[in-house]
Every structure is written in structure tokens, then in C-alpha cells.
file run_12.txt (compact mmCIF, C-alpha atoms)
# COMPACT_ATOMS: atom_id res chain seq x y z
CA MET A 240 69.40 -52.77 97.93
CA ARG A 241 66.30 -53.89 96.09
CA ILE A 242 63.73 -51.28 95.05
CA ARG A 243 60.27 -52.13 96.29
CA ALA A 244 57.69 -51.65 93.58
CA SER A 245 54.85 -51.65 96.11
CA ILE A 246 55.76 -48.10 97.12
CA ILE A 247 54.30 -46.68 93.89
CA PRO A 248 50.66 -47.81 94.34
CA LEU A 249 50.97 -47.05 98.08
CA ILE A 250 51.86 -43.41 97.34
CA ILE A 251 48.91 -43.05 94.95
CA LEU A 252 46.60 -44.72 97.47
CA THR A 253 47.88 -42.47 100.26
CA LEU A 254 47.21 -39.35 98.19
CA LEU A 255 43.70 -40.53 97.38
CA LEU A 256 42.89 -41.50 100.97
CA SER A 257 44.33 -38.27 102.38
CA SER A 258 41.94 -36.25 100.27
CA MET A 259 38.93 -37.96 101.89
CA PRO A 260 37.53 -37.11 105.31
CA TYR A 261 38.99 -39.55 107.85
CA GLY A 262 40.76 -41.38 105.02
CA ALA A 263 44.15 -40.57 106.53
CA LEU A 264 43.29 -42.94 109.39
CA LEU A 265 43.70 -45.86 106.99
CA VAL A 266 47.14 -44.83 105.75
CA PRO A 267 49.11 -46.48 108.64
CA LEU A 268 47.29 -49.76 108.02
CA ALA A 269 48.07 -49.43 104.31
CA VAL A 270 51.77 -49.04 105.17
CA LEU A 271 51.61 -52.13 107.39
CA SER A 272 50.26 -54.11 104.43
CA LEU A 273 53.74 -53.84 102.92
CA PHE A 274 55.06 -56.16 105.61
CA SER A 275 52.39 -58.85 105.85
CA TYR A 276 49.79 -60.29 103.52
CA LEU A 277 47.44 -60.82 106.47
CA LEU A 278 47.66 -57.15 107.41
CA GLY A 279 47.02 -56.31 103.78
CA VAL A 280 43.81 -58.35 103.79
CA VAL A 281 42.78 -56.66 107.05
CA PHE A 282 43.48 -53.29 105.42
CA LEU A 283 41.30 -54.23 102.44
CA GLY A 284 38.47 -55.13 104.81
CA PHE A 285 38.75 -51.83 106.67
CA LEU A 286 38.97 -49.93 103.39
CA LEU A 287 35.81 -51.59 102.07
CA ALA A 288 33.96 -50.84 105.32
CA PHE A 289 35.18 -47.23 105.16
CA LEU A 290 34.05 -46.82 101.56
CA ILE A 291 30.62 -48.21 102.40
CA PHE A 292 30.36 -45.96 105.47
CA GLU A 293 31.39 -42.87 103.48
CA GLY A 294 29.14 -43.79 100.55
CA VAL A 295 31.98 -43.83 98.03
CA GLY A 296 30.99 -45.92 95.07
CA GLY A 297 31.14 -45.96 91.32
CA ALA A 298 34.38 -45.48 89.48
CA PRO A 299 36.16 -43.69 92.39
CA GLY A 300 35.37 -46.59 94.72
CA VAL A 301 36.50 -49.14 92.17
CA PHE A 302 39.73 -47.22 91.61
CA LEU A 303 40.45 -46.99 95.37
CA VAL A 304 39.87 -50.71 95.85
CA SER A 305 41.99 -51.46 92.76
CA MET A 306 44.88 -49.41 94.10
CA ALA A 307 44.58 -51.05 97.53
CA LEU A 308 44.54 -54.52 95.98
CA LEU A 309 47.49 -53.58 93.78
CA THR A 310 49.42 -52.38 96.84
CA VAL A 311 48.78 -55.63 98.74
CA GLU A 312 49.55 -57.92 95.81
CA VAL A 313 52.69 -56.09 94.67
CA ALA A 314 53.97 -56.04 98.26
CA HIS A 315 53.44 -59.82 98.32
CA LEU A 316 55.40 -60.13 95.08
CA ASP A 317 58.17 -57.94 96.53
CA ARG A 318 58.46 -60.20 99.56
CA ALA A 319 58.54 -63.28 97.32
CA ARG A 320 61.13 -61.65 95.00
CA ALA A 321 58.97 -62.43 91.98
CA ILE A 322 60.08 -62.09 88.39
CA PRO A 323 58.99 -58.98 86.46
CA ILE A 324 56.34 -60.76 84.37
CA HIS A 325 54.39 -61.51 87.57
CA TYR A 326 54.24 -57.79 88.31
CA ALA A 327 52.95 -57.16 84.79
CA TRP A 328 50.18 -59.76 85.18
CA VAL A 329 49.07 -58.32 88.50
CA ILE A 330 48.97 -54.78 87.14
CA PHE A 331 47.10 -55.96 84.04
CA SER A 332 44.59 -57.95 86.11
CA VAL A 333 43.91 -55.17 88.59
CA PHE A 334 43.48 -52.49 85.96
CA LEU A 335 40.96 -54.69 84.14
CA SER A 336 38.59 -53.83 87.00
CA LEU A 337 37.79 -50.41 85.51
CA PRO A 338 36.68 -51.70 82.08
CA LEU A 339 34.87 -54.51 83.86
CA TYR A 340 33.06 -51.95 86.01
CA LEU A 341 31.99 -50.07 82.89
CA LEU A 342 30.75 -53.31 81.29
CA ILE A 343 28.74 -54.23 84.37
CA ARG A 344 27.39 -50.68 84.54
CA LEU A 345 26.23 -51.02 80.94
CA LEU A 346 24.62 -54.39 81.66
CA SER A 347 22.75 -52.94 84.63
CA TYR A 348 20.55 -50.97 82.23
CA PHE A 349 19.34 -54.20 80.62
CA ALA A 350 19.19 -56.73 83.48
CA PRO A 351 17.76 -56.82 87.01
CA SER A 352 20.18 -55.58 89.67
CA LEU A 353 20.60 -58.93 91.46
CA GLU A 354 21.70 -60.66 88.26
CA VAL A 355 24.15 -57.85 87.48
CA THR A 356 25.63 -58.12 90.98
CA ALA A 357 26.02 -61.87 90.61
CA LEU A 358 27.63 -61.42 87.21
CA ALA A 359 30.03 -58.78 88.54
CA THR A 360 31.00 -61.06 91.41
CA LEU A 361 31.57 -63.94 89.02
CA PHE A 362 33.76 -61.77 86.75
CA LEU A 363 35.85 -60.60 89.70
CA LEU A 364 36.31 -64.14 91.03
CA VAL A 365 37.38 -65.41 87.62
CA LEU A 366 39.78 -62.49 87.25
CA TYR A 367 41.27 -63.12 90.69
CA VAL A 368 41.69 -66.87 90.12
CA PHE A 369 43.24 -66.20 86.71
CA SER A 370 45.76 -63.74 88.11
CA ARG A 371 46.69 -66.02 91.01
CA GLU A 372 47.12 -69.03 88.70
CA VAL A 373 49.35 -67.08 86.33
CA MET A 374 51.52 -65.89 89.23
CA LEU A 375 51.93 -69.36 90.69
CA LYS A 376 53.32 -70.81 87.46

call {"tool": "encode", "arguments": {"input": "run_12.txt", "output": "C-alpha cells"}}
result
Amino acid sequence: MRIRASIIPLIILTLLLSSMPYGALLVPLAVLSLFSYLLGVVFLGFLLAFLIFEGVGGAPGVFLVSMALLTVEVAHLDRARAIPIHYAWVIFSVFLSLPLYLLIRLLSYFAPSLEVTALATLFLLVLYVFSREVMLK
């Protein structure tokens, strides 16, 4: 029997969500993301809406979204029976979000907020495209 690596970020995400009010409601959808990429994307959408509704932002919000994205992507790699280097690239790419958040936070002191938001979005898109391209090779 093959060990599913997506269980590890799911457990961390479950612990984090369970500590939030009404966060436990998202846990079943997080578990369903292990079985389907589409359900994982739906879960990410609900998680983002929940974080906005609860007002969770900053580093905790970035970490929650990173763990959710890691859960969805690693589950996809588990289903595809990917080689170990693909897991390493996904983990590396996702955990770059925290230093990127700190960089954008630093830039926000020197630039108008709209430009910082556009720059952060551009960084995240480039990071996502880079990680997907590396995994498809």
C-alpha cells in the first residue's frame, strides 16, 4: 500500500482550522480535496471566502492558504503517482509564499497599495506557473 503524502499537510490544516470559530466546517471539504482536484479548488474558494469573512489576514492567512494549496497539490501528485522531486518542488514553491509575503509587506511601506497588490499578484502567478511547469517536465 502506498503512503499518501497529502495526509501530512491535511492534518496541519485540520488542526489550524479546528482552532478557529466555524473553521471545523471546512474540514470535510478539505478531506474531499484528497479525492478530486476540482473539489480541492472548490475548497480553496470556500477557504478564501471564510478567511475574508472572519477577517484573517497577514501571516496567519498566508500560512492557512499555503497549507490548503499544499494539501490540494500534493493530493494531485499522489493521484498521479509523481516522482519525489515533484513533491520537493511543490513544497519549495508553496513555502516561498511566506518570504514573498514579507517582501511585499516591506514594499508596501514604500509604494502605493494598488501597486503593491499588483506586484504581489504578479509574483504569485509567476510562482504558480513556475511550479506547474517544473512538475509537468

call {"tool": "atom_distance", "arguments": {"input": "run_12.txt", "atom1": "atom CA of Val365 of chain A", "atom2": "atom CA of Leu341 of chain A"}}
result
16.9 Å

call {"tool": "atom_distance", "arguments": {"input": "run_12.txt", "atom1": "atom CA of Ala327 of chain A", "atom2": "atom CA of Leu249 of chain A"}}
result
16.8 Å

call {"tool": "atom_distance", "arguments": {"input": "run_12.txt", "atom1": "atom CA of Leu278 of chain A", "atom2": "atom CA of Leu339 of chain A"}}
result
26.9 Å

call {"tool": "closest_residue", "arguments": {"input": "run_12.txt", "among": "A:Ala314, A:Tyr367, A:Gly284, A:Leu252", "to": "Leu271 of chain A", "atoms": "all atoms listed in the file"}}
result
A:Ala314

call {"tool": "residues_around", "arguments": {"input": "run_12.txt", "residues": "Pro248 of chain A", "least_positions_apart": "5", "cutoff": "8 Å", "atoms": "all atoms listed in the file", "output": "ChimeraX atom specification"}}
result
/A:306-307,309-310

call {"tool": "residues_around", "arguments": {"input": "run_12.txt", "residues": "Val266 of chain A", "least_positions_apart": "4", "cutoff": "8 Å", "atoms": "only C-alpha atoms", "output": "PyMOL selection string"}}
result
chain A and resi 253+256-257+262+270

call {"tool": "residues_around", "arguments": {"input": "run_12.txt", "residues": "Glu312 of chain A", "least_positions_apart": "4", "cutoff": "12 Å", "atoms": "all atoms listed in the file", "output": "ChimeraX atom specification"}}
result
/A:244-246,248-249,272-280,283,305-308,316-319,321,325-330,332-333,367,370-371,374

call {"tool": "closest_residue", "arguments": {"input": "run_12.txt", "among": "A:Leu358, A:Tyr340, A:Tyr348, A:Leu264", "to": "Gly296 of chain A", "atoms": "all atoms listed in the file"}}
result
A:Tyr340

call {"tool": "closest_atom_pairs", "arguments": {"input": "run_12.txt", "of": "segment 294-326 of chain A", "to": "segment 285-289 of chain A", "cutoff": "9 Å", "atoms": "only C-alpha atoms", "output": "CSV"}}
result
residue,atom,partner,partner_atom,distance
A:Gly294,CA,A:Phe289,CA,8.3
A:Val295,CA,A:Phe289,CA,8.5
A:Gly300,CA,A:Leu287,CA,8.9
A:Leu303,CA,A:Leu286,CA,8.7
A:Val304,CA,A:Leu287,CA,7.5
A:Ala307,CA,A:Leu286,CA,8.2

call {"tool": "axis_aligned_box", "arguments": {"input": "run_12.txt", "around": "segment 284-289 of chain A", "padding_each_side": "8 Å", "output": "AutoDock Vina command-line options"}}
result
--center_x 36.5 --center_y -51.2 --center_z 104.4 --size_x 21.0 --size_y 23.9 --size_z 20.6

call {"tool": "residues_near_point", "arguments": {"input": "run_12.txt", "point": "(36.8, -58.3, 84.4)", "cutoff": "6 Å", "atoms": "only C-alpha atoms", "output": "PyMOL selection string"}}
result
chain A and resi 335-336+339+362-363+366

call {"tool": "closest_residue", "arguments": {"input": "run_12.txt", "among": "A:Phe349, A:Tyr261, A:Phe369, A:Phe334", "to": "Val301 of chain A", "atoms": "all atoms listed in the file"}}
result
A:Phe334
